file coords19.txt (compact mmCIF, C-alpha atoms)
# COMPACT_ATOMS: atom_id res chain seq x y z
CA MET A 1 -23.07 15.08 29.84
CA TYR A 2 -19.38 14.22 29.74
CA GLU A 3 -19.96 12.23 26.58
CA PHE A 4 -21.66 15.26 25.02
CA ILE A 5 -18.77 17.59 25.78
CA ALA A 6 -16.12 15.04 24.78
CA PHE A 7 -17.88 14.13 21.56
CA TYR A 8 -18.22 17.71 20.38
CA ILE A 9 -14.66 18.67 21.29
CA PHE A 10 -13.26 15.61 19.51
CA ALA A 11 -15.58 16.06 16.53
CA ILE A 12 -14.70 19.71 15.93
CA ALA A 13 -10.98 19.10 16.47
CA THR A 14 -10.78 16.11 14.12
CA THR A 15 -12.76 17.89 11.42
CA ILE A 16 -10.49 20.94 11.57
CA LEU A 17 -7.32 18.82 11.65
CA PHE A 18 -8.39 16.69 8.70
CA LEU A 19 -9.36 19.81 6.76
CA ILE A 20 -5.82 21.09 7.36
CA THR A 21 -4.51 17.73 6.11
CA VAL A 22 -6.50 18.00 2.91
CA MET A 23 -5.94 21.71 2.26
CA SER A 24 -2.35 22.31 3.39
CA LYS A 25 0.39 22.88 0.82
CA ASN A 26 3.16 21.64 3.10
CA VAL A 27 3.69 17.89 3.49
CA LEU A 28 4.99 18.26 7.02
CA TYR A 29 1.97 20.22 8.26
CA SER A 30 -0.31 17.81 6.48
CA MET A 31 1.28 14.76 8.08
CA THR A 32 1.39 16.26 11.56
CA SER A 33 -2.26 17.24 11.49
CA LEU A 34 -3.17 13.77 10.19
CA ALA A 35 -1.33 12.16 13.12
CA ALA A 36 -3.06 14.48 15.61
CA GLY A 37 -6.43 13.73 14.06
CA MET A 38 -5.81 10.00 14.40
CA VAL A 39 -4.95 10.40 18.08
CA LEU A 40 -8.26 12.19 18.56
CA ILE A 41 -10.15 9.51 16.61
CA SER A 42 -8.99 6.95 19.14
CA GLY A 43 -10.88 9.13 21.65
CA PHE A 44 -14.13 8.26 19.86
CA PHE A 45 -13.32 4.57 20.21
CA PHE A 46 -12.80 4.99 23.95
CA LEU A 47 -16.11 6.86 24.16
CA LEU A 48 -17.86 4.01 22.33
CA GLY A 49 -16.54 1.44 24.79
CA ALA A 50 -14.14 -0.11 22.26
CA ASP A 51 -11.05 0.26 24.42
CA PHE A 52 -8.92 -2.28 22.61
CA LEU A 53 -9.72 -0.74 19.22
CA GLY A 54 -8.69 2.65 20.56
CA VAL A 55 -5.36 1.30 21.77
CA VAL A 56 -4.78 -0.48 18.44
CA GLN A 57 -5.58 2.77 16.65
CA LEU A 58 -2.98 4.58 18.72
CA ILE A 59 -0.30 1.91 18.31
CA VAL A 60 -0.82 0.92 14.68
CA TYR A 61 -1.95 4.17 13.08
CA VAL A 62 -0.16 6.82 15.07
CA GLY A 63 2.80 4.64 15.96
CA ALA A 64 3.48 2.51 12.90
CA VAL A 65 1.74 4.06 9.89
CA MET A 66 2.69 7.65 10.64
CA ALA A 67 6.27 6.61 11.41
CA LEU A 68 6.34 4.86 8.03
CA TYR A 69 5.11 8.04 6.36
CA ALA A 70 7.72 10.04 8.24
CA PHE A 71 10.45 7.72 6.98
CA ALA A 72 9.08 7.85 3.44
CA MET A 73 9.07 11.63 3.61
CA MET A 74 12.85 11.56 3.94
CA PHE A 75 13.06 10.32 0.35
CA PHE A 76 11.10 13.29 -0.92
CA ASP A 77 11.75 16.94 -0.36
CA ALA A 78 9.43 17.86 2.48
CA THR A 79 10.59 21.42 3.08
CA LYS A 80 9.32 22.81 -0.20
CA ASN A 81 5.68 23.59 -0.64
CA VAL A 82 3.87 21.20 -2.90
CA LYS A 83 2.95 22.72 -6.23
CA GLU A 84 -0.22 21.28 -7.58
CA LYS A 85 -2.09 22.26 -10.70
CA TYR A 86 -5.79 22.16 -10.00
CA GLN A 87 -8.25 21.78 -12.77
CA ASN A 88 -11.76 22.69 -11.70
CA PRO A 89 -11.29 23.33 -7.97
CA ARG A 90 -14.91 24.43 -7.70
CA LEU A 91 -16.19 21.11 -9.01
CA VAL A 92 -14.26 19.27 -6.31
CA PHE A 93 -15.74 21.40 -3.54
CA LEU A 94 -19.18 21.03 -5.07
CA LEU A 95 -18.90 17.24 -5.23
CA GLY A 96 -17.43 16.96 -1.73
CA GLY A 97 -20.03 19.29 -0.25
CA LEU A 98 -22.84 17.47 -2.00
CA MET A 99 -21.57 14.15 -0.72
CA ALA A 100 -21.31 15.54 2.82
CA LEU A 101 -24.87 16.88 2.58
CA ILE A 102 -26.20 13.54 1.38
CA PHE A 103 -24.37 11.72 4.19
CA VAL A 104 -25.71 14.12 6.83
CA ILE A 105 -29.30 13.76 5.61
CA MET A 106 -28.96 10.00 5.27
CA PHE A 107 -27.40 9.39 8.68
CA SER A 108 -29.43 11.89 10.71
CA ALA A 109 -32.56 9.90 9.89
CA PRO A 110 -33.70 7.63 12.71
CA VAL A 111 -32.09 4.22 12.54
CA ILE A 112 -34.56 1.53 11.54
CA GLY A 113 -33.37 -1.94 12.41
CA ASP A 114 -35.07 -3.08 15.56
CA ASN A 115 -35.15 -6.69 14.47
CA ILE A 116 -31.37 -6.95 14.16
CA GLN A 117 -29.96 -9.40 16.67
CA ALA A 118 -26.42 -9.07 17.95
CA LEU A 119 -24.44 -11.95 16.47
CA TYR A 120 -21.60 -11.74 19.01
CA PRO A 121 -23.04 -9.75 21.92
CA VAL A 122 -20.82 -7.69 24.19
CA VAL A 123 -20.08 -9.66 27.35
CA ASP A 124 -20.44 -7.60 30.48
CA GLU A 125 -18.51 -9.81 32.87
CA VAL A 126 -15.14 -9.41 31.13
CA GLY A 127 -13.35 -6.38 29.84
CA ASN A 128 -13.38 -5.23 26.26
CA ALA A 129 -9.95 -6.62 25.39
CA GLN A 130 -10.86 -10.06 26.72
CA ALA A 131 -14.20 -10.12 24.88
CA VAL A 132 -12.49 -9.07 21.66
CA GLY A 133 -9.91 -11.80 22.10
CA MET A 134 -12.58 -14.42 22.69
CA VAL A 135 -14.49 -13.50 19.53
CA LEU A 136 -11.37 -12.92 17.42
CA PHE A 137 -9.76 -16.26 18.23
CA THR A 138 -12.91 -18.35 17.87
CA LYS A 139 -15.29 -16.88 15.30
CA TYR A 140 -12.83 -14.78 13.29
CA LEU A 141 -9.81 -17.09 13.44
CA VAL A 142 -9.57 -17.73 9.68
CA PRO A 143 -9.82 -14.05 8.67
CA PHE A 144 -7.26 -13.30 11.37
CA GLU A 145 -4.78 -15.78 9.90
CA VAL A 146 -5.46 -14.51 6.39
CA ALA A 147 -4.77 -10.97 7.64
CA ALA A 148 -1.48 -12.23 9.10
CA VAL A 149 -0.47 -13.72 5.73
CA MET A 150 -1.50 -10.47 4.03
CA LEU A 151 0.72 -8.45 6.35
CA LEU A 152 3.62 -10.82 5.63
CA VAL A 153 3.09 -10.40 1.88
CA ALA A 154 2.94 -6.62 2.34
CA MET A 155 6.19 -6.67 4.32
CA ILE A 156 8.02 -8.69 1.66
CA ALA A 157 6.59 -6.45 -1.07
CA GLY A 158 7.71 -3.34 0.79
CA ILE A 159 11.23 -4.66 1.28
CA ILE A 160 11.60 -5.75 -2.34
CA LEU A 161 10.08 -2.59 -3.82
CA ALA A 162 11.93 -0.06 -1.69
CA GLY A 163 15.12 -2.02 -1.07
CA LYS A 164 16.37 -2.19 -4.65
CA LYS A 165 19.26 0.13 -5.52
CA MET A 166 19.37 1.31 -1.93
CA ASP A 167 23.17 1.32 -1.94
CA TYR A 168 23.69 4.50 -3.92
CA SER A 169 22.47 8.01 -3.45
CA LEU A 170 19.76 9.40 -5.67
CA THR A 171 20.95 12.96 -5.71
CA LYS A 172 24.72 12.57 -5.90
CA CYS A 173 25.18 9.65 -8.25
CA GLU A 174 25.56 11.01 -11.77
CA ALA A 175 25.39 7.61 -13.39
CA VAL A 176 21.82 7.22 -12.16
CA ASP A 177 20.96 10.69 -13.41
CA GLU A 178 22.28 9.86 -16.86
CA GLU A 179 20.48 6.57 -16.83
CA MET A 180 17.30 8.34 -15.84
CA ASN A 181 17.75 10.98 -18.53
CA VAL A 182 18.26 8.28 -21.14
CA GLU A 183 15.13 6.53 -19.94
CA LEU A 184 13.16 9.75 -19.97
CA GLU A 185 14.30 10.50 -23.52
CA LYS A 186 13.33 7.01 -24.54
CA GLY A 187 9.96 7.60 -23.00
CA GLU A 188 9.51 10.84 -24.90
CA GLU A 189 10.29 9.33 -28.27
CA MET B 1 -28.67 18.76 26.31
CA VAL B 2 -28.94 16.11 23.62
CA GLU B 3 -28.00 12.53 24.24
CA ILE B 4 -25.18 11.42 21.94
CA GLY B 5 -26.63 8.59 19.89
CA VAL B 6 -25.47 6.50 16.96
CA ASN B 7 -26.63 9.18 14.51
CA HIS B 8 -24.13 11.70 15.83
CA TYR B 9 -21.28 9.30 15.19
CA LEU B 10 -22.60 8.36 11.75
CA VAL B 11 -22.96 12.01 10.70
CA LEU B 12 -19.42 12.74 11.91
CA SER B 13 -18.15 9.68 10.04
CA GLY B 14 -19.91 10.86 6.88
CA LEU B 15 -18.40 14.34 7.20
CA LEU B 16 -14.88 12.96 7.69
CA PHE B 17 -15.37 10.60 4.75
CA SER B 18 -16.42 13.55 2.59
CA ILE B 19 -13.31 15.47 3.65
CA GLY B 20 -11.17 12.51 2.62
CA PHE B 21 -13.08 12.15 -0.64
CA MET B 22 -12.52 15.82 -1.41
CA GLY B 23 -8.81 15.30 -0.76
CA VAL B 24 -8.68 12.32 -3.12
CA LEU B 25 -10.32 14.35 -5.87
CA ARG B 26 -8.23 17.45 -5.26
CA ARG B 27 -4.71 16.23 -4.57
CA LYS B 28 -2.12 15.81 -7.29
CA ASN B 29 0.80 14.89 -5.01
CA LEU B 30 0.75 11.13 -4.41
CA LEU B 31 1.84 11.34 -0.76
CA MET B 32 -1.00 13.76 -0.01
CA LEU B 33 -3.36 11.44 -1.86
CA PHE B 34 -2.36 8.66 0.53
CA PHE B 35 -3.14 10.90 3.51
CA ALA B 36 -6.61 11.49 2.11
CA THR B 37 -7.25 7.74 1.76
CA GLU B 38 -6.17 7.26 5.38
CA ILE B 39 -8.79 9.82 6.42
CA MET B 40 -11.46 7.89 4.54
CA LEU B 41 -10.45 4.59 6.19
CA ASN B 42 -10.55 6.19 9.64
CA ALA B 43 -14.00 7.64 9.01
CA VAL B 44 -15.30 4.19 8.12
CA ASN B 45 -13.75 2.77 11.30
CA ILE B 46 -15.70 5.26 13.41
CA ALA B 47 -18.93 4.18 11.71
CA PHE B 48 -18.13 0.49 12.34
CA ALA B 49 -17.41 1.07 16.02
CA ALA B 50 -20.53 3.23 16.47
CA ILE B 51 -22.90 0.74 14.87
CA GLY B 52 -21.26 -2.09 16.79
CA SER B 53 -21.79 -0.30 20.07
CA TYR B 54 -25.39 0.61 19.09
CA TYR B 55 -26.35 -3.02 18.61
CA GLY B 56 -24.15 -4.25 21.44
CA ASP B 57 -22.26 -6.37 18.94
CA LEU B 58 -18.53 -7.03 18.69
CA SER B 59 -18.53 -7.65 14.92
CA GLY B 60 -18.23 -3.93 14.22
CA GLN B 61 -14.99 -3.74 16.16
CA MET B 62 -13.71 -6.87 14.41
CA PHE B 63 -14.27 -5.30 11.00
CA ALA B 64 -12.51 -2.16 12.19
CA PHE B 65 -9.50 -4.31 13.17
CA PHE B 66 -9.34 -5.86 9.73
CA VAL B 67 -9.68 -2.43 8.12
CA ILE B 68 -6.68 -1.30 10.17
CA ALA B 69 -4.69 -4.37 9.04
CA VAL B 70 -5.56 -3.68 5.40
CA ALA B 71 -4.60 -0.01 5.82
CA ALA B 72 -1.22 -0.95 7.31
CA SER B 73 -0.35 -3.29 4.45
CA GLU B 74 -1.63 -0.77 1.92
CA VAL B 75 0.77 1.81 3.33
CA ALA B 76 3.72 -0.61 3.22
CA VAL B 77 3.17 -1.58 -0.44
CA GLY B 78 2.09 1.90 -1.50
CA LEU B 79 5.13 3.63 -0.07
CA GLY B 80 7.41 1.07 -1.75
CA LEU B 81 5.76 1.84 -5.08
CA LEU B 82 6.00 5.57 -4.33
CA ILE B 83 9.76 5.32 -3.78
CA LEU B 84 10.15 3.38 -7.03
CA LEU B 85 8.18 6.05 -8.90
CA TYR B 86 10.29 8.78 -7.35
CA LYS B 87 13.47 7.00 -8.42
CA LYS B 88 12.16 6.64 -11.96
CA TYR B 89 10.63 10.07 -12.57
CA GLY B 90 12.18 12.26 -9.89
CA SER B 91 8.76 13.47 -8.80
CA ILE B 92 5.61 12.15 -7.18
CA ASP B 93 3.26 14.55 -8.91
CA LEU B 94 0.49 12.79 -10.81
CA ASP B 95 0.71 15.22 -13.74
CA VAL B 96 4.40 14.39 -14.21
CA ILE B 97 3.97 10.64 -13.77
CA SER B 98 0.95 10.18 -16.00
CA SER B 99 1.98 8.69 -19.32
CA MET B 100 -1.41 8.03 -20.88
CA LYS B 101 -2.95 10.72 -23.02
CA GLY B 102 -6.58 11.53 -22.43

call {"tool": "encode", "arguments": {"input": "coords19.txt", "output": "structure tokens"}}
result
Amino acid sequence: MYEFIAFYIFAIATTILFLITVMSKNVLYSMTSLAAGMVLISGFFFLLGADFLGVVQLIVYVGAVMALYAFAMMFFDATKNVKEKYQNPRLVFLLGGLMALIFVIMFSAPVIGDNIQALYPVVDEVGNAQAVGMVLFTKYLVPFEVAAVMLLVAMIAGIILAGKKMDYSLTKCEAVDEEMNVELEKGEE
Amino acid sequence: MVEIGVNHYLVLSGLLFSIGFMGVLRRKNLLMLFFATEIMLNAVNIAFAAIGSYYGDLSGQMFAFFVIAVAASEVAVGLGLLILLYKKYGSIDLDVISSMKG
């Protein structure tokens, strides 16, 4: 009963918030509704008994990723509305709607897979975080380390890509503007 | 009153994925395009967690963790590239940036 109510409230709210994200013309509204939708998605993880995943979703997505987007937004002008030239907006809605319809038909069918055995069954004696830790640090240790290396590579890439020419302003430095104009003219030739 | 089963979660995940897909097709601003990809990744995470809980298996949650790690590094590299593009072209609109004809 509680799961029913919670599921439908979360489902309707996330769908509306993500539709705002996709449809909005303002970057700020779009980002805020995305963050709110991600908070609500962690609610589904709590409903499914994946407590640790829900907490990670809150910390990593809402805390880190959205903060990164917020910082990146400072480089771009977020107050203006985004002007986008749409070719064929109807085709996009048609394709998206068709895909949604196919997904709904496909997933509302009864799940056939009775002979599937749980490879790493949920342990009842310990909490979710402990069970996740036990599986993650025994069976998934190598992927975990590879993910750690990948995050390190991503961090170095982010610093090197964004950190170049950080010492002068983009909008006030005329030398950069001239340089950019020269480059643009070169590109046009 | 219907019991909430795995199908409910899968249908919701499919709907959210379609919303993200529509955003990827529709958006011309690169930052908004990134938001749409985040929606798609989140939708897949819901499906992983739902199937994992349906079979009583922890592997679904594990895959969701790795998806989150991949998403975090994607954002770090992607935003770095976005800032470089903005410095070069002064815009993050795909129509302005695109240099190939066709």

call {"tool": "interface_residues", "arguments": {"input": "coords19.txt", "of": "chain B", "to": "chain A", "cutoff": "6 Å", "atoms": "all atoms listed in the file", "output": "VMD selection string"}}
result
chain B and resid 7 10 to 11 14 to 15 18 22 to 23 28 56 to 58 73 76 to 77 80

call {"tool": "atom_distance", "arguments": {"input": "coords19.txt", "atom1": "CA of Gln61 in chain B", "atom2": "CA of Ile59 in chain A"}}
result
15.9 Å

call {"tool": "atom_distance", "arguments": {"input": "coords19.txt", "atom1": "CA of Gly63 in chain A", "atom2": "CA of Gly78 in chain B"}}
result
17.7 Å

call {"tool": "closest_residue", "arguments": {"input": "coords19.txt", "among": "A:Leu28, A:Ile112, A:Leu58, A:Ala129", "to": "Thr79 in chain A", "atoms": "all atoms listed in the file"}}
result
A:Leu28

call {"tool": "residues_around", "arguments": {"input": "coords19.txt", "residues": "range 91-99 of chain B", "least_positions_apart": "2", "cutoff": "6 Å", "atoms": "all atoms listed in the file", "output": "PDB file with C-alpha atoms, keeping the file's coordinate frame"}}
result
ATOM      1  CA  LYS B  28      -2.120  15.810  -7.290  1.00  0.00           C
ATOM      2  CA  ASN B  29       0.800  14.890  -5.010  1.00  0.00           C
ATOM      3  CA  LEU B  30       0.750  11.130  -4.410  1.00  0.00           C
ATOM      4  CA  TYR B  86      10.290   8.780  -7.350  1.00  0.00           C
ATOM      5  CA  TYR B  89      10.630  10.070 -12.570  1.00  0.00           C
TER       6      TYR B  89
END

call {"tool": "atom_distance", "arguments": {"input": "coords19.txt", "atom1": "CA of Val44 in chain B", "atom2": "CA of Ser13 in chain B"}}
result
6.5 Å

call {"tool": "build_atoms", "arguments": {"input": "coords19.txt", "residues": "range 67-79 of chain B", "atoms": "N, CA and C atoms", "output": "PDB file, in the coordinates of the input"}}
result
ATOM      1  N   VAL B  67      -9.926  -3.639   8.928  1.00  0.00           N
ATOM      2  CA  VAL B  67      -9.680  -2.430   8.120  1.00  0.00           C
ATOM      3  C   VAL B  67      -8.318  -1.841   8.471  1.00  0.00           C
ATOM      4  N   ILE B  68      -7.983  -1.841   9.767  1.00  0.00           N
ATOM      5  CA  ILE B  68      -6.680  -1.300  10.170  1.00  0.00           C
ATOM      6  C   ILE B  68      -5.548  -2.146   9.594  1.00  0.00           C
ATOM      7  N   ALA B  69      -5.732  -3.490   9.604  1.00  0.00           N
ATOM      8  CA  ALA B  69      -4.690  -4.370   9.040  1.00  0.00           C
ATOM      9  C   ALA B  69      -4.502  -4.102   7.561  1.00  0.00           C
ATOM     10  N   VAL B  70      -5.643  -3.958   6.840  1.00  0.00           N
ATOM     11  CA  VAL B  70      -5.560  -3.680   5.400  1.00  0.00           C
ATOM     12  C   VAL B  70      -4.878  -2.337   5.162  1.00  0.00           C
ATOM     13  N   ALA B  71      -5.202  -1.340   5.991  1.00  0.00           N
ATOM     14  CA  ALA B  71      -4.600  -0.010   5.820  1.00  0.00           C
ATOM     15  C   ALA B  71      -3.092  -0.077   6.036  1.00  0.00           C
ATOM     16  N   ALA B  72      -2.661  -0.861   7.032  1.00  0.00           N
ATOM     17  CA  ALA B  72      -1.220  -0.950   7.310  1.00  0.00           C
ATOM     18  C   ALA B  72      -0.491  -1.581   6.143  1.00  0.00           C
ATOM     19  N   SER B  73      -1.058  -2.670   5.573  1.00  0.00           N
ATOM     20  CA  SER B  73      -0.350  -3.290   4.450  1.00  0.00           C
ATOM     21  C   SER B  73      -0.417  -2.426   3.208  1.00  0.00           C
ATOM     22  N   GLU B  74      -1.518  -1.679   3.050  1.00  0.00           N
ATOM     23  CA  GLU B  74      -1.630  -0.770   1.920  1.00  0.00           C
ATOM     24  C   GLU B  74      -0.527   0.291   1.978  1.00  0.00           C
ATOM     25  N   VAL B  75      -0.272   0.790   3.187  1.00  0.00           N
ATOM     26  CA  VAL B  75       0.770   1.810   3.330  1.00  0.00           C
ATOM     27  C   VAL B  75       2.134   1.234   2.998  1.00  0.00           C
ATOM     28  N   ALA B  76       2.400  -0.011   3.461  1.00  0.00           N
ATOM     29  CA  ALA B  76       3.720  -0.610   3.220  1.00  0.00           C
ATOM     30  C   ALA B  76       3.976  -0.776   1.719  1.00  0.00           C
ATOM     31  N   VAL B  77       2.990  -1.358   1.001  1.00  0.00           N
ATOM     32  CA  VAL B  77       3.170  -1.580  -0.440  1.00  0.00           C
ATOM     33  C   VAL B  77       3.156  -0.244  -1.181  1.00  0.00           C
ATOM     34  N   GLY B  78       2.227   0.627  -0.793  1.00  0.00           N
ATOM     35  CA  GLY B  78       2.090   1.900  -1.500  1.00  0.00           C
ATOM     36  C   GLY B  78       3.328   2.761  -1.390  1.00  0.00           C
ATOM     37  N   LEU B  79       3.929   2.804  -0.210  1.00  0.00           N
ATOM     38  CA  LEU B  79       5.130   3.630  -0.070  1.00  0.00           C
ATOM     39  C   LEU B  79       6.294   3.030  -0.848  1.00  0.00           C
TER      40      LEU B  79
END
